[in-house]
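J.: Dropping in start-v3.txt, with compact mmCIF, C-alpha atoms and all ligand atoms.
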```
# COMPACT_ATOMS: atom_id res chain seq x y z
CA MET A 1 -27.71 -164.50 20.74
CA HIS A 2 -26.45 -161.98 18.20
CA ALA A 3 -28.90 -161.64 15.30
CA LEU A 4 -26.22 -162.46 12.73
CA GLN A 5 -24.63 -165.34 14.61
CA THR A 6 -26.79 -168.05 13.01
CA LEU A 7 -26.08 -166.71 9.53
CA ILE A 8 -22.31 -166.40 10.12
CA SER A 9 -22.14 -169.97 11.48
CA ALA A 10 -24.21 -171.35 8.60
CA LEU A 11 -22.17 -169.70 5.84
CA PRO A 12 -19.46 -171.85 4.25
CA LYS A 13 -16.24 -169.84 4.48
CA ALA A 14 -12.64 -169.92 3.32
CA GLU A 15 -9.85 -168.73 5.61
CA LEU A 16 -7.06 -167.10 3.60
CA HIS A 17 -4.86 -165.54 6.28
CA LEU A 18 -3.84 -167.89 9.05
CA HIS A 19 -0.38 -168.51 10.47
CA LEU A 20 -0.31 -172.12 11.68
CA GLU A 21 2.21 -171.17 14.37
CA GLY A 22 -0.25 -168.49 15.53
CA SER A 23 -2.89 -171.13 16.16
CA LEU A 24 -0.79 -172.71 18.92
CA GLU A 25 -3.10 -172.58 21.95
CA PRO A 26 -1.46 -172.21 25.39
CA GLU A 27 -2.78 -175.66 26.40
CA MET A 28 -0.94 -177.29 23.50
CA MET A 29 2.16 -175.15 24.18
CA PHE A 30 2.26 -176.63 27.66
CA GLU A 31 1.64 -180.16 26.46
CA LEU A 32 4.37 -179.99 23.79
CA ALA A 33 6.82 -178.36 26.20
CA LYS A 34 6.33 -181.33 28.53
CA ARG A 35 6.52 -183.89 25.71
CA ASN A 36 9.74 -182.37 24.33
CA GLY A 37 11.42 -181.37 27.61
CA VAL A 38 11.37 -177.67 26.71
CA GLU A 39 11.32 -175.23 29.59
CA LEU A 40 8.69 -172.48 29.39
CA LYS A 41 8.96 -169.17 31.23
CA TYR A 42 5.35 -169.54 32.31
CA ALA A 43 3.96 -171.47 35.27
CA SER A 44 0.48 -171.95 33.86
CA VAL A 45 -1.83 -171.58 30.87
CA GLU A 46 -3.31 -168.53 32.62
CA ASP A 47 0.16 -166.98 32.87
CA ILE A 48 0.64 -167.41 29.13
CA ARG A 49 -2.71 -165.82 28.32
CA ALA A 50 -1.97 -162.94 30.70
CA ALA A 51 1.24 -162.21 28.77
CA TYR A 52 -0.76 -161.63 25.56
CA ASP A 53 -1.09 -157.89 26.04
CA PHE A 54 0.52 -156.31 23.00
CA SER A 55 1.23 -152.67 22.10
CA ASN A 56 2.29 -153.35 18.51
CA LEU A 57 3.25 -156.03 15.98
CA GLN A 58 6.82 -156.47 17.30
CA ASP A 59 5.56 -157.02 20.84
CA PHE A 60 3.47 -159.90 19.57
CA LEU A 61 6.17 -161.32 17.30
CA ASP A 62 8.59 -161.60 20.23
CA LEU A 63 6.14 -163.95 22.02
CA TYR A 64 5.11 -165.70 18.80
CA TYR A 65 8.69 -166.79 18.02
CA GLN A 66 9.23 -167.76 21.65
CA GLY A 67 5.99 -169.78 21.78
CA MET A 68 6.78 -171.85 18.71
CA GLY A 69 9.99 -173.04 20.40
CA VAL A 70 8.04 -176.08 21.66
CA LEU A 71 7.56 -177.32 18.06
CA LEU A 72 10.37 -179.76 17.35
CA LYS A 73 9.12 -183.05 15.88
CA GLU A 74 7.05 -183.92 12.85
CA GLN A 75 4.21 -185.02 15.15
CA ASP A 76 4.19 -181.58 16.83
CA TYR A 77 3.54 -179.90 13.48
CA TYR A 78 0.90 -182.51 12.73
CA ASP A 79 -0.87 -181.94 16.07
CA LEU A 80 -0.74 -178.15 15.68
CA THR A 81 -2.24 -178.25 12.19
CA ALA A 82 -4.84 -180.91 13.06
CA ALA A 83 -6.06 -178.87 16.04
CA TYR A 84 -6.46 -175.76 13.88
CA LEU A 85 -8.42 -177.70 11.24
CA ALA A 86 -10.76 -179.18 13.86
CA ARG A 87 -11.41 -175.67 15.19
CA ALA A 88 -11.91 -174.28 11.67
CA ALA A 89 -14.38 -177.07 10.87
CA ALA A 90 -16.42 -176.04 13.92
CA ASP A 91 -16.74 -172.57 12.31
CA ASN A 92 -17.88 -174.12 9.02
CA VAL A 93 -14.62 -173.19 7.30
CA ARG A 94 -14.49 -175.31 4.15
CA HIS A 95 -11.23 -174.22 2.55
CA VAL A 96 -7.99 -172.90 4.08
CA GLU A 97 -4.88 -171.24 2.66
CA VAL A 98 -2.44 -171.37 5.55
CA PHE A 99 0.98 -169.85 6.18
CA PHE A 100 4.03 -171.35 7.80
CA ASP A 101 7.36 -169.75 8.71
CA PRO A 102 10.11 -172.30 7.94
CA GLN A 103 12.98 -169.95 8.81
CA ALA A 104 11.70 -169.63 12.38
CA HIS A 105 12.03 -173.42 12.76
CA MET A 106 15.21 -173.98 10.79
CA GLU A 107 17.10 -171.42 12.89
CA ARG A 108 16.26 -173.60 15.93
CA GLY A 109 17.66 -176.68 14.19
CA VAL A 110 14.39 -178.21 12.96
CA ALA A 111 14.70 -179.48 9.39
CA PHE A 112 12.49 -178.01 6.65
CA ASP A 113 11.45 -181.53 5.73
CA THR A 114 10.22 -182.25 9.30
CA VAL A 115 8.05 -179.12 9.39
CA LEU A 116 6.60 -179.67 5.94
CA LYS A 117 5.87 -183.37 6.46
CA GLY A 118 3.91 -182.80 9.69
CA ILE A 119 1.88 -179.94 8.27
CA ARG A 120 1.10 -181.68 4.96
CA ARG A 121 0.07 -184.94 6.59
CA ALA A 122 -2.39 -183.06 8.84
CA LEU A 123 -3.77 -181.05 5.90
CA GLU A 124 -4.32 -184.23 3.90
CA ASP A 125 -5.99 -185.94 6.87
CA GLY A 126 -8.09 -182.81 7.47
CA PHE A 127 -9.41 -183.01 3.92
CA ILE A 128 -10.58 -186.56 4.61
CA ARG A 129 -11.84 -185.97 8.16
CA HIS A 130 -13.42 -182.51 7.81
CA ASN A 131 -13.73 -182.08 4.05
CA ILE A 132 -11.59 -178.93 4.28
CA SER A 133 -9.62 -178.30 1.08
CA PHE A 134 -6.31 -176.47 1.40
CA ARG A 135 -3.39 -174.58 -0.05
CA LEU A 136 -0.06 -174.13 1.74
CA ILE A 137 1.86 -170.84 1.61
CA MET A 138 5.50 -170.66 2.69
CA CYS A 139 6.44 -167.30 4.20
CA VAL A 140 9.73 -165.45 4.17
CA LEU A 141 10.58 -163.55 7.36
CA ARG A 142 11.10 -159.96 6.26
CA HIS A 143 13.30 -158.98 9.23
CA LEU A 144 15.91 -161.41 7.86
CA SER A 145 18.02 -160.71 4.78
CA GLU A 146 17.23 -161.21 1.11
CA GLU A 147 20.11 -163.68 1.07
CA ASP A 148 18.40 -165.77 3.79
CA ALA A 149 15.17 -165.73 1.79
CA LEU A 150 16.97 -166.87 -1.37
CA ALA A 151 18.60 -169.68 0.63
CA LEU A 152 15.13 -170.74 1.83
CA MET A 153 13.93 -170.83 -1.78
CA ASP A 154 16.80 -173.21 -2.58
CA VAL A 155 15.90 -175.50 0.34
CA ALA A 156 12.22 -175.47 -0.70
CA THR A 157 12.73 -176.02 -4.42
CA PRO A 158 12.72 -179.86 -4.26
CA TYR A 159 9.36 -179.68 -2.42
CA LEU A 160 7.52 -177.33 -4.75
CA ASP A 161 4.87 -179.95 -5.53
CA GLN A 162 3.80 -179.55 -1.89
CA ILE A 163 3.87 -175.74 -1.64
CA ASP A 164 1.34 -173.53 -3.41
CA GLY A 165 2.47 -170.01 -2.66
CA LEU A 166 5.05 -167.62 -1.27
CA GLY A 167 4.22 -165.06 1.43
CA LEU A 168 6.06 -162.32 3.33
CA ASP A 169 5.51 -161.73 7.05
CA SER A 170 7.11 -160.64 10.36
CA SER A 171 8.25 -157.09 11.26
CA GLU A 172 6.91 -154.75 8.58
CA LEU A 173 8.31 -151.31 9.42
CA GLY A 174 11.80 -150.83 7.97
CA HIS A 175 11.46 -153.92 5.76
CA PRO A 176 9.67 -152.80 2.60
CA PRO A 177 8.48 -155.37 0.05
CA SER A 178 11.07 -154.16 -2.51
CA LYS A 179 13.77 -155.79 -0.32
CA PHE A 180 12.51 -159.15 -1.63
CA LYS A 181 11.98 -158.39 -5.32
CA ARG A 182 14.46 -161.03 -6.51
CA VAL A 183 12.93 -163.68 -4.26
CA TYR A 184 9.47 -163.00 -5.71
CA ASP A 185 10.83 -162.99 -9.27
CA LYS A 186 12.23 -166.43 -8.62
CA ALA A 187 9.03 -167.72 -6.98
CA SER A 188 7.00 -166.42 -9.91
CA LEU A 189 9.21 -168.30 -12.37
CA LEU A 190 8.72 -171.44 -10.27
CA GLY A 191 4.93 -171.07 -10.62
CA LEU A 192 4.09 -170.18 -7.02
CA LYS A 193 1.14 -167.95 -6.13
CA LEU A 194 2.36 -164.72 -4.55
CA VAL A 195 1.04 -162.92 -1.48
CA ALA A 196 2.59 -160.48 0.99
CA HIS A 197 1.70 -158.77 4.25
CA ALA A 198 1.54 -155.07 3.39
CA GLY A 199 -0.05 -152.01 4.95
CA GLU A 200 -0.65 -153.65 8.35
CA GLU A 201 1.57 -151.19 10.27
CA GLY A 202 3.32 -149.97 7.13
CA PRO A 203 2.30 -147.08 4.84
CA PRO A 204 0.35 -147.22 1.55
CA ASP A 205 3.71 -147.12 -0.28
CA TYR A 206 4.44 -150.63 1.00
CA VAL A 207 1.18 -151.83 -0.57
CA TRP A 208 2.13 -150.16 -3.87
CA GLU A 209 5.55 -151.86 -3.71
CA ALA A 210 4.00 -155.27 -3.03
CA LEU A 211 1.77 -154.76 -6.09
CA ASN A 212 4.33 -153.23 -8.46
CA ASP A 213 7.63 -154.82 -7.40
CA LEU A 214 6.51 -158.19 -6.08
CA ARG A 215 3.55 -158.60 -8.48
CA ILE A 216 1.46 -160.26 -5.80
CA ASP A 217 -1.83 -162.06 -6.42
CA ARG A 218 -3.32 -161.06 -3.06
CA ILE A 219 -2.60 -158.62 -0.21
CA ASP A 220 -2.48 -159.69 3.42
CA HIS A 221 -4.02 -156.98 5.65
CA GLY A 222 -3.80 -153.90 3.36
CA ASN A 223 -5.41 -151.62 5.96
CA ALA A 224 -3.29 -148.68 4.77
CA ALA A 225 -5.20 -148.65 1.46
CA ALA A 226 -7.99 -146.76 3.21
CA LYS A 227 -5.57 -143.79 3.48
CA ASP A 228 -4.74 -143.56 -0.23
CA GLU A 229 -7.54 -142.74 -2.66
CA LYS A 230 -5.52 -143.73 -5.75
CA LEU A 231 -4.59 -147.06 -4.22
CA LEU A 232 -8.20 -147.69 -3.29
CA GLU A 233 -9.26 -147.05 -6.89
CA HIS A 234 -6.51 -149.33 -8.17
CA LEU A 235 -7.54 -152.18 -5.84
CA ILE A 236 -11.17 -151.88 -6.96
CA GLU A 237 -10.32 -151.75 -10.67
CA SER A 238 -7.92 -154.68 -10.50
CA GLY A 239 -10.24 -156.84 -8.38
CA MET A 240 -7.48 -157.36 -5.81
CA THR A 241 -8.33 -159.38 -2.69
CA LEU A 242 -7.40 -158.16 0.81
CA THR A 243 -7.17 -160.70 3.63
CA MET A 244 -8.11 -158.55 6.61
CA CYS A 245 -7.92 -159.55 10.27
CA PRO A 246 -9.95 -157.26 12.54
CA LEU A 247 -9.28 -158.88 15.94
CA SER A 248 -5.57 -158.98 15.10
CA ASN A 249 -5.69 -155.25 14.25
CA GLN A 250 -7.38 -154.59 17.56
CA ARG A 251 -4.94 -156.63 19.66
CA LEU A 252 -1.85 -155.24 17.89
CA CYS A 253 -3.14 -151.67 18.27
CA VAL A 254 -3.28 -151.12 14.48
CA THR A 255 -6.89 -150.04 15.11
CA PRO A 256 -7.35 -150.45 18.89
CA ASP A 257 -11.02 -149.57 18.57
CA LEU A 258 -12.78 -151.97 16.20
CA LYS A 259 -15.07 -149.12 15.22
CA ASP A 260 -12.07 -147.54 13.45
CA ASN A 261 -11.29 -150.65 11.41
CA PRO A 262 -11.40 -149.75 7.70
CA LEU A 263 -12.89 -153.11 6.69
CA ALA A 264 -16.47 -151.95 6.16
CA LYS A 265 -15.37 -148.76 4.40
CA LEU A 266 -13.23 -150.76 1.96
CA LEU A 267 -15.96 -153.36 1.37
CA ARG A 268 -18.57 -150.66 0.75
CA ALA A 269 -16.24 -148.86 -1.65
CA GLY A 270 -16.07 -152.08 -3.70
CA VAL A 271 -12.78 -153.65 -2.59
CA ARG A 272 -12.75 -157.46 -2.41
CA VAL A 273 -12.30 -157.72 1.34
CA THR A 274 -12.14 -161.00 3.29
CA VAL A 275 -12.24 -161.73 7.05
CA ASN A 276 -9.62 -163.93 8.70
CA SER A 277 -8.15 -164.73 12.10
CA ASP A 278 -4.35 -164.30 11.51
CA ASP A 279 -3.05 -165.77 14.82
CA PRO A 280 -6.24 -166.83 16.61
CA SER A 281 -4.69 -168.23 19.77
CA TYR A 282 -2.91 -164.93 20.40
CA PHE A 283 -5.73 -162.59 19.38
CA GLY A 284 -8.68 -164.18 21.12
CA GLY A 285 -10.85 -165.33 18.24
CA TYR A 286 -11.24 -167.70 15.30
CA VAL A 287 -12.88 -166.79 12.02
CA ASN A 288 -16.53 -166.58 13.13
CA ASP A 289 -15.48 -164.43 16.10
CA ASN A 290 -13.89 -162.02 13.62
CA TYR A 291 -17.05 -161.85 11.48
CA LEU A 292 -19.21 -161.25 14.56
CA ALA A 293 -16.90 -158.62 16.04
CA ILE A 294 -16.93 -156.45 12.92
CA ALA A 295 -20.64 -156.98 12.30
CA ASP A 296 -21.19 -155.51 15.75
CA ALA A 297 -18.60 -152.75 15.73
CA LEU A 298 -19.18 -151.55 12.17
CA ASP A 299 -22.97 -152.05 12.00
CA MET A 300 -22.65 -154.46 9.14
CA THR A 301 -25.67 -156.14 7.57
CA ALA A 302 -26.60 -159.75 6.79
CA PRO A 303 -26.01 -159.24 3.02
CA GLU A 304 -22.56 -157.86 3.87
CA MET A 305 -21.76 -161.03 5.84
CA VAL A 306 -22.82 -163.05 2.78
CA GLN A 307 -20.61 -160.89 0.55
CA LEU A 308 -17.61 -161.44 2.86
CA ALA A 309 -18.12 -165.21 2.72
CA ARG A 310 -18.43 -165.06 -1.10
CA ASN A 311 -15.26 -162.96 -1.30
CA SER A 312 -13.37 -165.57 0.71
CA PHE A 313 -13.88 -168.14 -2.06
CA ILE A 314 -13.60 -165.71 -4.97
CA GLY A 315 -10.26 -164.48 -3.57
CA SER A 316 -8.95 -168.00 -2.94
CA PHE A 317 -6.57 -169.92 -5.19
CA LEU A 318 -9.18 -172.60 -5.92
CA PRO A 319 -10.02 -173.37 -9.55
CA ASP A 320 -13.17 -171.65 -10.86
CA ALA A 321 -15.30 -174.81 -10.80
CA GLU A 322 -14.54 -175.31 -7.10
CA LYS A 323 -15.29 -171.67 -6.35
CA GLU A 324 -18.66 -172.01 -8.10
CA LYS A 325 -19.53 -175.04 -5.98
CA TYR A 326 -18.96 -173.10 -2.74
CA LEU A 327 -20.71 -169.98 -4.07
CA ASP A 328 -23.78 -172.12 -4.88
CA GLU A 329 -23.74 -173.38 -1.29
CA ILE A 330 -23.60 -169.80 -0.03
CA ASP A 331 -26.56 -168.90 -2.29
CA ALA A 332 -28.53 -171.79 -0.77
CA VAL A 333 -27.83 -170.56 2.80
CA ASP A 334 -28.67 -167.01 1.72
CA SER A 335 -32.07 -168.07 0.28
CA GLU A 336 -32.87 -170.26 3.26
CA LEU A 337 -31.99 -167.74 5.97
CA LEU A 338 -32.52 -164.37 4.29
CA GLY A 339 -35.21 -165.32 1.75
N1 LIG A 401 3.44 -163.31 11.63
C1 LIG A 401 2.40 -163.84 12.26
N2 LIG A 401 1.39 -162.96 12.32
C2 LIG A 401 1.79 -161.84 11.69
C3 LIG A 401 1.20 -160.59 11.39
N3 LIG A 401 -0.04 -160.28 11.78
N4 LIG A 401 1.94 -159.68 10.74
C4 LIG A 401 3.18 -159.96 10.37
N5 LIG A 401 3.78 -161.12 10.60
C5 LIG A 401 3.10 -162.06 11.26
ZN ZN A 402 -0.61 -162.35 9.25
```
Would you encode the structure as structure tokens?

T.:
Amino acid sequence: MHALQTLISALPKAELHLHLEGSLEPEMMFELAKRNGVELKYASVEDIRAAYDFSNLQDFLDLYYQGMGVLLKEQDYYDLTAAYLARAAADNVRHVEVFFDPQAHMERGVAFDTVLKGIRRALEDGFIRHNISFRLIMCVLRHLSEEDALALMDVATPYLDQIDGLGLDSSELGHPPSKFKRVYDKASLLGLKLVAHAGEEGPPDYVWEALNDLRIDRIDHGNAAAKDEKLLEHLIESGMTLTMCPLSNQRLCVTPDLKDNPLAKLLRAGVRVTVNSDDPSYFGGYVNDNYLAIADALDMTAPEMVQLARNSFIGSFLPDAEKEKYLDEIDAVDSELLG
């Protein structure tokens, strides 16, 4: 067994970058297709897995939007979310801040209310069953127009007591954060937390725009920051959190060789880096797999694993008292296992 595996498993962790639709395992895709009478282009679970060979983000997104076509009823969203939470609990994940993509369901005729109800009910049950606390972040698809995003905000406004944050995802190149400035201004006025995917495939300028134009509270990915010394300094000084996803970066050819992933460099420079699974069913690993993979590839130490787990709570949207509770638990694991 890997020397750090016991420590990684024992550490309480928060997962801050997880697309619920990206946790749809091929087995469940098959089951839901059958239940809902949806025809899949694949003959077997093995066929689906074999198709997950991506050259870039768009390649993946094409299959991601196709795969979620089996999600139609409230119970489907419940089952999807419940399965993710059970898997997260097995990795000792104690708090999750999960994304969902309402536009990708509404354009197929599924009501916003149906999606939200299924997800929320599973999150609330997961808190009882697994003691996993949660926040829910609604994402805007950046390949669609600003007008579409503003229309989504209108649909979501009556439900704001059930949504904690706004995010921005989908095809990054050609869709800079500034395209959604008015949407983020509105979300900020409504009291939502703000995050955005930036610098995954896009340049450092997109990260600057997310910070300066969208006024985000947290950056999703942010790999490009390693290429811009000024940006790096700014992230360190401002205590900004990055939700990084190493196995995703590998599978989407952002950094095909894990040894080139900037995560350790950023952490060692003093950036508040966290480790997350992004779309685990498509990228071959849940959160502990991501910790282990970078520990191996980047020669990371046990204290660095502890720091990453600490960062996951510090960078979360939990109140300070809750953060302290989890940090104390991490300290206890640290003393017990590392002395
Ligand atoms: N939607 C789901 N996963 C994504 C990712 N890694 N980047 C952008 N959009 C996404
Ligand atoms: Zn993502």

J.: Tell me, counting all atoms listed in the file, for each residue of chain A within 6 Å of ligand LIG 401 (chain A), which pair of atoms is nearest and how far apart they are in Å to one decimal, in rows ordered by chain and increasing number, as a Markdown table.

T.:
```
| residue | atom | partner | partner_atom | distance |
| --- | --- | --- | --- | --- |
| A:His19 | CA | A:LIG401 | C1 | 5.7 |
| A:Asp169 | CA | A:LIG401 | N5 | 4.0 |
| A:Ser170 | CA | A:LIG401 | N5 | 3.4 |
| A:Ser171 | CA | A:LIG401 | C4 | 5.9 |
| A:Asp278 | CA | A:LIG401 | N3 | 5.9 |
| A:Asp279 | CA | A:LIG401 | N2 | 5.8 |
```

J.: Could you state the separation of atom CA of Arg218 of chain A and atom CA of Asp91 of chain A in Å, given to one decimal place?

T.: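 So the two atoms, atom CA of Arg218 of chain A and atom CA of Asp91 of chain A, lie 23.4 Å apart.
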
J.: Taking only C-alpha atoms and all ligand atoms into account, report as a ChimeraX atom specification which residues have an atom no farther than 12 Å from an atom of ligand ZN 402 (chain A).

T.: /A:15-23,57,60-61,64,97-101,137,139-141,167-172,195-201,219-222,242-249,252,275-280,282-283

J.: With all atoms listed in the file as the counted atoms, please give the residues lying no more than 9 Å from segment 332-337 of chain A, apart from itself and same-chain residues fewer than 5 positions off, as a PDB file with C-alpha atoms, in the coordinates of the input.

T.:
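Final file, result-v7.pdb:
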```pdb
ATOM      1  CA  THR A   6     -26.790-168.050  13.010  1.00  0.00           C
ATOM      2  CA  LEU A   7     -26.080-166.710   9.530  1.00  0.00           C
ATOM      3  CA  ALA A  10     -24.210-171.350   8.600  1.00  0.00           C
ATOM      4  CA  LEU A  11     -22.170-169.700   5.840  1.00  0.00           C
ATOM      5  CA  PRO A  12     -19.460-171.850   4.250  1.00  0.00           C
ATOM      6  CA  PRO A 303     -26.010-159.240   3.020  1.00  0.00           C
ATOM      7  CA  VAL A 306     -22.820-163.050   2.780  1.00  0.00           C
ATOM      8  CA  LEU A 327     -20.710-169.980  -4.070  1.00  0.00           C
TER       9      LEU A 327
END
```

J.: Please measure the separation of atom CA of Met138 of chain A and atom CA of Gly165 of chain A, giving the value in Å to one decimal.

T.: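 Those two atoms sit 6.2 Å apart.
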
J.: Do a neighbour search on segment 297-302 of chain A at 8 Å with all atoms listed in the file, toss out local chain neighbours closer than 4 positions, and write the hits as a ChimeraX atom specification.

T.: /A:4,7,258-259,261,264,293,306,338

J.: Do a neighbour search on Arg310 of chain A at 12 Å with all atoms listed in the file, toss out local chain neighbours closer than 2 positions, and write the hits as a PyMOL selection string.

T.: chain A and resi 8+11-15+241+272-275+303-308+312-316+323-331+333-334

J.: Nearest residue to Val70 of chain A out of A:Leu292, A:Ala309, A:Ala89, A:Val38, using only C-alpha atoms?

T.: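 The shortest atom-to-atom distance to Val70 of chain A comes from A:Val38.
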
J.: Any idea what the distance is between atom CA of Gln250 of chain A and atom CA of Leu263 of chain A?

T.: 12.3 Å

J.: Rank A:Leu192, A:Ala151, A:Ala83, A:Leu266 by their smallest atom-to-atom distance to Met106 of chain A, using all atoms listed in the file, and report the top residue only.

T.: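 Among A:Leu192, A:Ala151, A:Ala83, A:Leu266, it is A:Ala151 that comes nearest to Met106 of chain A.
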
J.: Which of these, A:Val45, A:Ala187, A:Val287, A:Val93, has the shortest distance to Phe127 of chain A once you count all atoms listed in the file?

T.: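 Nearest to Phe127 of chain A: A:Val93.
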